Amino acid sequence: MTIRKFILAIFTVFAAQLLAAQIVFAAGSGSSSSTTEAEAPQSAEFAAGKEAIDAKQWDAAVAAFTKVTASEPDNADAYNYLGYAQRNLKNYDAAFESYNKALAINPDHKGANEYIGEAYLQVGNLDKAEEHLLKLDALCFFGCAEYTMLKRAVEDYKAKQS
């Protein structure tokens, strides 16, 4: 009977961890810095940049997040969003520079690791994309949206190369 209780306890812990990972996946995470965007006060420019991204107004997003990074040079989230907007404008050199600044500020930034991995795929650098996938795998022990999204992008890229 003791073994049965032990196995049940192990299963219960595993199920709870799996459920927590699914909740995190469903909610996503826009920020991986020590304070989340919801906790950190946002400037009007940051909010305008996010609205521009939501509206796919990439030039406006670049302008807004350029102002944010000038006034908040340690804001990894702002550099990540700036890189995202630049990547959507196909300005890859600028996007890599922004993502690398975000990662210099916070090497464990999940969003920046995902987005730079996707950018590497867009320029045909599978090896670098897989490096960031491995980083996310290490950061997301029980899974996270960023890992899942980059993994799918890598799989899609590989399928198209076949």
# chains A, B, ... in the order shown; residues from 1 in each chain; ligands from 1

call {"tool": "residues_around", "arguments": {"residues": "Val123 (chain A)", "least_positions_apart": "4", "cutoff": "12 Å", "atoms": "only C-alpha atoms", "output": "VMD selection string"}}
result
chain A and resid 87 90 to 93 95 to 96 116 to 119 127 to 129 157

call {"tool": "residues_around", "arguments": {"residues": "region 56-69 of chain A", "least_positions_apart": "4", "cutoff": "9 Å", "atoms": "only C-alpha atoms", "output": "list in words"}}
result
Ser43, Glu45, Phe46, Ala47, Ala48, Gly49, Lys50, Glu51, Ala52, Pro73, Asp74, Asn75, Ala76, Ala78, Tyr79, Tyr81, Leu82, Gly83, Tyr84, Ala85, Gln86, Asn88 and Leu89 of chain A

call {"tool": "write_last_selection", "arguments": {"atoms": "C-alpha atoms", "output": "PDB file, in the first residue's frame"}}
result
ATOM      1  CA  SER A  43       5.599  55.329 -20.074  1.00  0.00           C
ATOM      2  CA  GLU A  45       5.652  56.022 -25.317  1.00  0.00           C
ATOM      3  CA  PHE A  46       5.872  52.354 -24.251  1.00  0.00           C
ATOM      4  CA  ALA A  47       2.088  52.052 -24.326  1.00  0.00           C
ATOM      5  CA  ALA A  48       1.984  53.801 -27.720  1.00  0.00           C
ATOM      6  CA  GLY A  49       4.618  51.383 -29.024  1.00  0.00           C
ATOM      7  CA  LYS A  50       2.615  48.366 -27.890  1.00  0.00           C
ATOM      8  CA  GLU A  51      -0.514  49.783 -29.508  1.00  0.00           C
ATOM      9  CA  ALA A  52       1.430  50.329 -32.743  1.00  0.00           C
ATOM     10  CA  PRO A  73      18.502  52.218 -21.587  1.00  0.00           C
ATOM     11  CA  ASP A  74      18.084  49.231 -19.233  1.00  0.00           C
ATOM     12  CA  ASN A  75      14.587  48.289 -20.438  1.00  0.00           C
ATOM     13  CA  ALA A  76      14.991  44.830 -21.968  1.00  0.00           C
ATOM     14  CA  ALA A  78      11.540  47.887 -24.894  1.00  0.00           C
ATOM     15  CA  TYR A  79      14.573  46.596 -26.813  1.00  0.00           C
ATOM     16  CA  TYR A  81       9.691  45.109 -28.855  1.00  0.00           C
ATOM     17  CA  LEU A  82      11.935  47.430 -30.858  1.00  0.00           C
ATOM     18  CA  GLY A  83      13.629  44.394 -32.390  1.00  0.00           C
ATOM     19  CA  TYR A  84      10.264  42.824 -33.142  1.00  0.00           C
ATOM     20  CA  ALA A  85       9.089  45.916 -35.028  1.00  0.00           C
ATOM     21  CA  GLN A  86      12.397  46.183 -36.895  1.00  0.00           C
ATOM     22  CA  ASN A  88       8.732  43.004 -39.256  1.00  0.00           C
ATOM     23  CA  LEU A  89      10.144  45.820 -41.372  1.00  0.00           C
TER      24      LEU A  89
END

call {"tool": "atom_distance", "arguments": {"atom1": "CA of Ala94 (chain A)", "atom2": "CA of Ala159 (chain A)"}}
result
27.9 Å

call {"tool": "residues_around", "arguments": {"residues": "Lys151 (chain A)", "least_positions_apart": "3", "cutoff": "10 Å", "atoms": "only C-alpha atoms", "output": "VMD selection string"}}
result
chain A and resid 114 117 to 118 129 to 130 132 to 134 136 to 137 145 to 148 154 to 157

call {"tool": "select_by_dssp", "arguments": {"residues": "region 77-156 of chain A", "states": "alpha helix (DSSP H)", "output": "PDB file with N, CA and C atoms, in the first residue's frame"}}
result
ATOM      1  N   ASP A  77      12.562  44.849 -22.156  1.00  0.00           N
ATOM      2  CA  ASP A  77      11.293  44.672 -22.868  1.00  0.00           C
ATOM      3  C   ASP A  77      11.190  45.643 -24.042  1.00  0.00           C
ATOM      4  N   ALA A  78      11.610  46.883 -23.827  1.00  0.00           N
ATOM      5  CA  ALA A  78      11.540  47.887 -24.894  1.00  0.00           C
ATOM      6  C   ALA A  78      12.462  47.505 -26.050  1.00  0.00           C
ATOM      7  N   TYR A  79      13.666  47.036 -25.744  1.00  0.00           N
ATOM      8  CA  TYR A  79      14.573  46.596 -26.813  1.00  0.00           C
ATOM      9  C   TYR A  79      14.007  45.391 -27.549  1.00  0.00           C
ATOM     10  N   ASN A  80      13.345  44.492 -26.814  1.00  0.00           N
ATOM     11  CA  ASN A  80      12.741  43.327 -27.444  1.00  0.00           C
ATOM     12  C   ASN A  80      11.639  43.749 -28.412  1.00  0.00           C
ATOM     13  N   TYR A  81      10.758  44.627 -27.974  1.00  0.00           N
ATOM     14  CA  TYR A  81       9.691  45.109 -28.855  1.00  0.00           C
ATOM     15  C   TYR A  81      10.254  45.904 -30.032  1.00  0.00           C
ATOM     16  N   LEU A  82      11.301  46.679 -29.775  1.00  0.00           N
ATOM     17  CA  LEU A  82      11.935  47.430 -30.858  1.00  0.00           C
ATOM     18  C   LEU A  82      12.472  46.458 -31.910  1.00  0.00           C
ATOM     19  N   GLY A  83      13.135  45.410 -31.465  1.00  0.00           N
ATOM     20  CA  GLY A  83      13.629  44.394 -32.390  1.00  0.00           C
ATOM     21  C   GLY A  83      12.518  43.718 -33.163  1.00  0.00           C
ATOM     22  N   TYR A  84      11.409  43.461 -32.487  1.00  0.00           N
ATOM     23  CA  TYR A  84      10.264  42.824 -33.142  1.00  0.00           C
ATOM     24  C   TYR A  84       9.729  43.703 -34.272  1.00  0.00           C
ATOM     25  N   ALA A  85       9.583  44.989 -33.999  1.00  0.00           N
ATOM     26  CA  ALA A  85       9.089  45.916 -35.028  1.00  0.00           C
ATOM     27  C   ALA A  85      10.090  46.017 -36.179  1.00  0.00           C
ATOM     28  N   GLN A  86      11.372  46.099 -35.852  1.00  0.00           N
ATOM     29  CA  GLN A  86      12.397  46.183 -36.895  1.00  0.00           C
ATOM     30  C   GLN A  86      12.418  44.916 -37.745  1.00  0.00           C
ATOM     31  N   ARG A  87      12.246  43.786 -37.108  1.00  0.00           N
ATOM     32  CA  ARG A  87      12.224  42.515 -37.858  1.00  0.00           C
ATOM     33  C   ARG A  87      11.040  42.476 -38.814  1.00  0.00           C
ATOM     34  N   ASN A  88       9.901  42.987 -38.381  1.00  0.00           N
ATOM     35  CA  ASN A  88       8.732  43.004 -39.256  1.00  0.00           C
ATOM     36  C   ASN A  88       8.888  43.980 -40.408  1.00  0.00           C
ATOM     37  N   TYR A  92      16.795  43.501 -40.564  1.00  0.00           N
ATOM     38  CA  TYR A  92      17.343  42.455 -39.697  1.00  0.00           C
ATOM     39  C   TYR A  92      18.559  42.896 -38.907  1.00  0.00           C
ATOM     40  N   ASP A  93      19.453  43.693 -39.495  1.00  0.00           N
ATOM     41  CA  ASP A  93      20.634  44.134 -38.748  1.00  0.00           C
ATOM     42  C   ASP A  93      20.218  44.918 -37.508  1.00  0.00           C
ATOM     43  N   ALA A  94      19.281  45.842 -37.676  1.00  0.00           N
ATOM     44  CA  ALA A  94      18.799  46.625 -36.535  1.00  0.00           C
ATOM     45  C   ALA A  94      18.070  45.731 -35.537  1.00  0.00           C
ATOM     46  N   ALA A  95      17.297  44.771 -36.033  1.00  0.00           N
ATOM     47  CA  ALA A  95      16.564  43.866 -35.146  1.00  0.00           C
ATOM     48  C   ALA A  95      17.541  43.048 -34.294  1.00  0.00           C
ATOM     49  N   PHE A  96      18.579  42.502 -34.921  1.00  0.00           N
ATOM     50  CA  PHE A  96      19.566  41.726 -34.153  1.00  0.00           C
ATOM     51  C   PHE A  96      20.249  42.605 -33.112  1.00  0.00           C
ATOM     52  N   GLU A  97      20.536  43.834 -33.465  1.00  0.00           N
ATOM     53  CA  GLU A  97      21.167  44.752 -32.510  1.00  0.00           C
ATOM     54  C   GLU A  97      20.246  44.979 -31.307  1.00  0.00           C
ATOM     55  N   SER A  98      18.971  45.193 -31.569  1.00  0.00           N
ATOM     56  CA  SER A  98      18.017  45.417 -30.476  1.00  0.00           C
ATOM     57  C   SER A  98      17.838  44.171 -29.618  1.00  0.00           C
ATOM     58  N   TYR A  99      17.670  43.021 -30.253  1.00  0.00           N
ATOM     59  CA  TYR A  99      17.527  41.782 -29.480  1.00  0.00           C
ATOM     60  C   TYR A  99      18.772  41.519 -28.638  1.00  0.00           C
ATOM     61  N   ASN A 100      19.936  41.755 -29.213  1.00  0.00           N
ATOM     62  CA  ASN A 100      21.171  41.524 -28.458  1.00  0.00           C
ATOM     63  C   ASN A 100      21.304  42.482 -27.283  1.00  0.00           C
ATOM     64  N   LYS A 101      20.804  43.714 -27.428  1.00  0.00           N
ATOM     65  CA  LYS A 101      20.804  44.634 -26.285  1.00  0.00           C
ATOM     66  C   LYS A 101      19.859  44.123 -25.208  1.00  0.00           C
ATOM     67  N   ALA A 102      18.692  43.639 -25.608  1.00  0.00           N
ATOM     68  CA  ALA A 102      17.758  43.077 -24.629  1.00  0.00           C
ATOM     69  C   ALA A 102      18.402  41.908 -23.890  1.00  0.00           C
ATOM     70  N   LEU A 103      19.091  41.051 -24.627  1.00  0.00           N
ATOM     71  CA  LEU A 103      19.721  39.882 -24.012  1.00  0.00           C
ATOM     72  C   LEU A 103      20.959  40.248 -23.190  1.00  0.00           C
ATOM     73  N   ALA A 104      21.610  41.349 -23.527  1.00  0.00           N
ATOM     74  CA  ALA A 104      22.736  41.820 -22.712  1.00  0.00           C
ATOM     75  C   ALA A 104      22.212  42.310 -21.355  1.00  0.00           C
ATOM     76  N   ILE A 105      21.058  42.936 -21.376  1.00  0.00           N
ATOM     77  CA  ILE A 105      20.434  43.408 -20.142  1.00  0.00           C
ATOM     78  C   ILE A 105      19.911  42.223 -19.336  1.00  0.00           C
ATOM     79  N   LYS A 110      12.853  35.570 -22.031  1.00  0.00           N
ATOM     80  CA  LYS A 110      12.251  34.537 -22.874  1.00  0.00           C
ATOM     81  C   LYS A 110      11.789  35.098 -24.212  1.00  0.00           C
ATOM     82  N   GLY A 111      11.139  36.255 -24.181  1.00  0.00           N
ATOM     83  CA  GLY A 111      10.641  36.852 -25.417  1.00  0.00           C
ATOM     84  C   GLY A 111      11.760  37.182 -26.388  1.00  0.00           C
ATOM     85  N   ALA A 112      12.833  37.757 -25.883  1.00  0.00           N
ATOM     86  CA  ALA A 112      13.969  38.112 -26.747  1.00  0.00           C
ATOM     87  C   ALA A 112      14.628  36.860 -27.309  1.00  0.00           C
ATOM     88  N   ASN A 113      14.735  35.809 -26.499  1.00  0.00           N
ATOM     89  CA  ASN A 113      15.313  34.567 -27.010  1.00  0.00           C
ATOM     90  C   ASN A 113      14.438  33.956 -28.099  1.00  0.00           C
ATOM     91  N   GLU A 114      13.135  34.018 -27.914  1.00  0.00           N
ATOM     92  CA  GLU A 114      12.237  33.495 -28.948  1.00  0.00           C
ATOM     93  C   GLU A 114      12.349  34.328 -30.227  1.00  0.00           C
ATOM     94  N   TYR A 115      12.230  35.631 -30.088  1.00  0.00           N
ATOM     95  CA  TYR A 115      12.187  36.499 -31.270  1.00  0.00           C
ATOM     96  C   TYR A 115      13.498  36.520 -32.033  1.00  0.00           C
ATOM     97  N   ILE A 116      14.626  36.492 -31.333  1.00  0.00           N
ATOM     98  CA  ILE A 116      15.896  36.476 -32.063  1.00  0.00           C
ATOM     99  C   ILE A 116      16.047  35.139 -32.782  1.00  0.00           C
ATOM    100  N   GLY A 117      15.545  34.063 -32.175  1.00  0.00           N
ATOM    101  CA  GLY A 117      15.574  32.765 -32.845  1.00  0.00           C
ATOM    102  C   GLY A 117      14.755  32.779 -34.126  1.00  0.00           C
ATOM    103  N   GLU A 118      13.576  33.409 -34.072  1.00  0.00           N
ATOM    104  CA  GLU A 118      12.746  33.516 -35.270  1.00  0.00           C
ATOM    105  C   GLU A 118      13.423  34.386 -36.329  1.00  0.00           C
ATOM    106  N   ALA A 119      14.095  35.445 -35.878  1.00  0.00           N
ATOM    107  CA  ALA A 119      14.812  36.304 -36.832  1.00  0.00           C
ATOM    108  C   ALA A 119      15.940  35.524 -37.508  1.00  0.00           C
ATOM    109  N   TYR A 120      16.645  34.708 -36.732  1.00  0.00           N
ATOM    110  CA  TYR A 120      17.704  33.892 -37.337  1.00  0.00           C
ATOM    111  C   TYR A 120      17.142  32.950 -38.385  1.00  0.00           C
ATOM    112  N   LEU A 121      15.961  32.405 -38.150  1.00  0.00           N
ATOM    113  CA  LEU A 121      15.346  31.549 -39.159  1.00  0.00           C
ATOM    114  C   LEU A 121      15.023  32.345 -40.419  1.00  0.00           C
ATOM    115  N   GLN A 122      14.565  33.573 -40.252  1.00  0.00           N
ATOM    116  CA  GLN A 122      14.208  34.395 -41.404  1.00  0.00           C
ATOM    117  C   GLN A 122      15.417  34.730 -42.269  1.00  0.00           C
ATOM    118  N   LEU A 126      19.837  28.517 -39.163  1.00  0.00           N
ATOM    119  CA  LEU A 126      19.206  27.509 -38.314  1.00  0.00           C
ATOM    120  C   LEU A 126      20.022  27.237 -37.052  1.00  0.00           C
ATOM    121  N   ASP A 127      21.344  27.200 -37.168  1.00  0.00           N
ATOM    122  CA  ASP A 127      22.184  26.896 -36.005  1.00  0.00           C
ATOM    123  C   ASP A 127      21.973  27.898 -34.876  1.00  0.00           C
ATOM    124  N   LYS A 128      21.945  29.186 -35.206  1.00  0.00           N
ATOM    125  CA  LYS A 128      21.750  30.215 -34.181  1.00  0.00           C
ATOM    126  C   LYS A 128      20.330  30.133 -33.600  1.00  0.00           C
ATOM    127  N   ALA A 129      19.364  29.838 -34.446  1.00  0.00           N
ATOM    128  CA  ALA A 129      17.992  29.688 -33.948  1.00  0.00           C
ATOM    129  C   ALA A 129      17.918  28.537 -32.949  1.00  0.00           C
ATOM    130  N   GLU A 130      18.589  27.440 -33.267  1.00  0.00           N
ATOM    131  CA  GLU A 130      18.578  26.291 -32.361  1.00  0.00           C
ATOM    132  C   GLU A 130      19.323  26.579 -31.066  1.00  0.00           C
ATOM    133  N   GLU A 131      20.333  27.451 -31.093  1.00  0.00           N
ATOM    134  CA  GLU A 131      21.011  27.862 -29.854  1.00  0.00           C
ATOM    135  C   GLU A 131      20.013  28.530 -28.912  1.00  0.00           C
ATOM    136  N   HIS A 132      19.179  29.396 -29.453  1.00  0.00           N
ATOM    137  CA  HIS A 132      18.193  30.083 -28.622  1.00  0.00           C
ATOM    138  C   HIS A 132      17.073  29.145 -28.200  1.00  0.00           C
ATOM    139  N   LEU A 133      16.762  28.161 -29.023  1.00  0.00           N
ATOM    140  CA  LEU A 133      15.790  27.150 -28.626  1.00  0.00           C
ATOM    141  C   LEU A 133      16.318  26.358 -27.427  1.00  0.00           C
ATOM    142  N   LEU A 134      17.602  26.017 -27.446  1.00  0.00           N
ATOM    143  CA  LEU A 134      18.215  25.317 -26.309  1.00  0.00           C
ATOM    144  C   LEU A 134      18.196  26.185 -25.059  1.00  0.00           C
ATOM    145  N   LYS A 135      18.453  27.476 -25.229  1.00  0.00           N
ATOM    146  CA  LYS A 135      18.412  28.399 -24.092  1.00  0.00           C
ATOM    147  C   LYS A 135      17.004  28.413 -23.493  1.00  0.00           C
ATOM    148  N   LEU A 136      15.991  28.501 -24.343  1.00  0.00           N
ATOM    149  CA  LEU A 136      14.612  28.489 -23.850  1.00  0.00           C
ATOM    150  C   LEU A 136      14.260  27.159 -23.200  1.00  0.00           C
ATOM    151  N   ASP A 137      14.787  26.080 -23.733  1.00  0.00           N
ATOM    152  CA  ASP A 137      14.540  24.771 -23.137  1.00  0.00           C
ATOM    153  C   ASP A 137      15.076  24.741 -21.714  1.00  0.00           C
ATOM    154  N   ALA A 138      16.227  25.352 -21.509  1.00  0.00           N
ATOM    155  CA  ALA A 138      16.811  25.411 -20.168  1.00  0.00           C
ATOM    156  C   ALA A 138      16.014  26.344 -19.251  1.00  0.00           C
ATOM    157  N   LEU A 139      15.516  27.444 -19.806  1.00  0.00           N
ATOM    158  CA  LEU A 139      14.760  28.409 -19.005  1.00  0.00           C
ATOM    159  C   LEU A 139      13.357  27.910 -18.665  1.00  0.00           C
ATOM    160  N   ALA A 145       5.379  29.309 -23.467  1.00  0.00           N
ATOM    161  CA  ALA A 145       4.885  29.692 -24.788  1.00  0.00           C
ATOM    162  C   ALA A 145       6.030  30.026 -25.728  1.00  0.00           C
ATOM    163  N   GLU A 146       7.039  30.723 -25.220  1.00  0.00           N
ATOM    164  CA  GLU A 146       8.160  31.134 -26.079  1.00  0.00           C
ATOM    165  C   GLU A 146       8.909  29.920 -26.629  1.00  0.00           C
ATOM    166  N   TYR A 147       9.142  28.921 -25.785  1.00  0.00           N
ATOM    167  CA  TYR A 147       9.805  27.702 -26.245  1.00  0.00           C
ATOM    168  C   TYR A 147       8.957  27.005 -27.310  1.00  0.00           C
ATOM    169  N   THR A 148       7.669  26.867 -27.025  1.00  0.00           N
ATOM    170  CA  THR A 148       6.771  26.182 -27.952  1.00  0.00           C
ATOM    171  C   THR A 148       6.729  26.885 -29.304  1.00  0.00           C
ATOM    172  N   MET A 149       6.638  28.212 -29.296  1.00  0.00           N
ATOM    173  CA  MET A 149       6.552  28.969 -30.547  1.00  0.00           C
ATOM    174  C   MET A 149       7.841  28.838 -31.365  1.00  0.00           C
ATOM    175  N   LEU A 150       8.986  28.959 -30.706  1.00  0.00           N
ATOM    176  CA  LEU A 150      10.246  28.848 -31.449  1.00  0.00           C
ATOM    177  C   LEU A 150      10.460  27.410 -31.924  1.00  0.00           C
ATOM    178  N   LYS A 151      10.084  26.445 -31.119  1.00  0.00           N
ATOM    179  CA  LYS A 151      10.216  25.047 -31.545  1.00  0.00           C
ATOM    180  C   LYS A 151       9.393  24.793 -32.801  1.00  0.00           C
ATOM    181  N   ARG A 152       8.167  25.299 -32.830  1.00  0.00           N
ATOM    182  CA  ARG A 152       7.319  25.135 -34.022  1.00  0.00           C
ATOM    183  C   ARG A 152       7.943  25.828 -35.236  1.00  0.00           C
ATOM    184  N   ALA A 153       8.487  27.016 -35.012  1.00  0.00           N
ATOM    185  CA  ALA A 153       9.108  27.756 -36.116  1.00  0.00           C
ATOM    186  C   ALA A 153      10.311  26.990 -36.660  1.00  0.00           C
ATOM    187  N   VAL A 154      11.111  26.405 -35.781  1.00  0.00           N
ATOM    188  CA  VAL A 154      12.273  25.613 -36.213  1.00  0.00           C
ATOM    189  C   VAL A 154      11.802  24.381 -36.981  1.00  0.00           C
ATOM    190  N   GLU A 155      10.788  23.700 -36.469  1.00  0.00           N
ATOM    191  CA  GLU A 155      10.262  22.518 -37.166  1.00  0.00           C
ATOM    192  C   GLU A 155       9.715  22.886 -38.540  1.00  0.00           C
ATOM    193  N   ASP A 156       8.981  24.004 -38.620  1.00  0.00           N
ATOM    194  CA  ASP A 156       8.453  24.455 -39.911  1.00  0.00           C
ATOM    195  C   ASP A 156       9.584  24.788 -40.874  1.00  0.00           C
TER     196      ASP A 156
END

call {"tool": "closest_residue", "arguments": {"among": "A:Asp108, A:Glu72, A:Asp54, A:Cys140", "to": "Gln42 (chain A)", "atoms": "only C-alpha atoms"}}
result
A:Glu72

call {"tool": "atom_distance", "arguments": {"atom1": "CA of Phe141 (chain A)", "atom2": "CA of Pro107 (chain A)"}}
result
16.2 Å

call {"tool": "decode", "arguments": {"residues": "region 69-132 of chain A", "atoms": "C-alpha atoms", "output": "mmCIF file, in the first residue's frame"}}
result
data_model
loop_
_atom_site.group_PDB
_atom_site.id
_atom_site.type_symbol
_atom_site.label_atom_id
_atom_site.label_comp_id
_atom_site.auth_asym_id
_atom_site.auth_seq_id
_atom_site.Cartn_x
_atom_site.Cartn_y
_atom_site.Cartn_z
ATOM 1 C CA THR A 69 15.155 52.896 -25.100
ATOM 2 C CA ALA A 70 16.753 56.356 -25.213
ATOM 3 C CA SER A 71 15.123 57.317 -21.927
ATOM 4 C CA GLU A 72 15.258 53.827 -20.366
ATOM 5 C CA PRO A 73 18.502 52.218 -21.587
ATOM 6 C CA ASP A 74 18.084 49.231 -19.233
ATOM 7 C CA ASN A 75 14.587 48.289 -20.438
ATOM 8 C CA ALA A 76 14.991 44.830 -21.968
ATOM 9 C CA ASP A 77 11.293 44.672 -22.868
ATOM 10 C CA ALA A 78 11.540 47.887 -24.894
ATOM 11 C CA TYR A 79 14.573 46.596 -26.813
ATOM 12 C CA ASN A 80 12.741 43.327 -27.444
ATOM 13 C CA TYR A 81 9.691 45.109 -28.855
ATOM 14 C CA LEU A 82 11.935 47.430 -30.858
ATOM 15 C CA GLY A 83 13.629 44.394 -32.390
ATOM 16 C CA TYR A 84 10.264 42.824 -33.142
ATOM 17 C CA ALA A 85 9.089 45.916 -35.028
ATOM 18 C CA GLN A 86 12.397 46.183 -36.895
ATOM 19 C CA ARG A 87 12.224 42.515 -37.858
ATOM 20 C CA ASN A 88 8.732 43.004 -39.256
ATOM 21 C CA LEU A 89 10.144 45.820 -41.372
ATOM 22 C CA LYS A 90 12.767 43.286 -42.559
ATOM 23 C CA ASN A 91 15.503 45.474 -41.056
ATOM 24 C CA TYR A 92 17.343 42.455 -39.697
ATOM 25 C CA ASP A 93 20.634 44.134 -38.748
ATOM 26 C CA ALA A 94 18.799 46.625 -36.535
ATOM 27 C CA ALA A 95 16.564 43.866 -35.146
ATOM 28 C CA PHE A 96 19.566 41.726 -34.153
ATOM 29 C CA GLU A 97 21.167 44.752 -32.510
ATOM 30 C CA SER A 98 18.017 45.417 -30.476
ATOM 31 C CA TYR A 99 17.527 41.782 -29.480
ATOM 32 C CA ASN A 100 21.171 41.524 -28.458
ATOM 33 C CA LYS A 101 20.804 44.634 -26.285
ATOM 34 C CA ALA A 102 17.758 43.077 -24.629
ATOM 35 C CA LEU A 103 19.721 39.882 -24.012
ATOM 36 C CA ALA A 104 22.736 41.820 -22.712
ATOM 37 C CA ILE A 105 20.434 43.408 -20.142
ATOM 38 C CA ASN A 106 18.656 40.129 -19.355
ATOM 39 C CA PRO A 107 20.142 36.961 -20.891
ATOM 40 C CA ASP A 108 17.133 34.975 -19.607
ATOM 41 C CA HIS A 109 14.545 37.165 -21.369
ATOM 42 C CA LYS A 110 12.251 34.537 -22.874
ATOM 43 C CA GLY A 111 10.641 36.852 -25.417
ATOM 44 C CA ALA A 112 13.969 38.112 -26.747
ATOM 45 C CA ASN A 113 15.313 34.567 -27.010
ATOM 46 C CA GLU A 114 12.237 33.495 -28.948
ATOM 47 C CA TYR A 115 12.187 36.499 -31.270
ATOM 48 C CA ILE A 116 15.896 36.476 -32.063
ATOM 49 C CA GLY A 117 15.574 32.765 -32.845
ATOM 50 C CA GLU A 118 12.746 33.516 -35.270
ATOM 51 C CA ALA A 119 14.812 36.304 -36.832
ATOM 52 C CA TYR A 120 17.704 33.892 -37.337
ATOM 53 C CA LEU A 121 15.346 31.549 -39.159
ATOM 54 C CA GLN A 122 14.208 34.395 -41.404
ATOM 55 C CA VAL A 123 17.814 35.019 -42.470
ATOM 56 C CA GLY A 124 18.520 31.302 -42.874
ATOM 57 C CA ASN A 125 20.662 30.702 -39.781
ATOM 58 C CA LEU A 126 19.206 27.509 -38.314
ATOM 59 C CA ASP A 127 22.184 26.896 -36.005
ATOM 60 C CA LYS A 128 21.750 30.215 -34.181
ATOM 61 C CA ALA A 129 17.992 29.688 -33.948
ATOM 62 C CA GLU A 130 18.578 26.291 -32.361
ATOM 63 C CA GLU A 131 21.011 27.862 -29.854
ATOM 64 C CA HIS A 132 18.193 30.083 -28.622
#
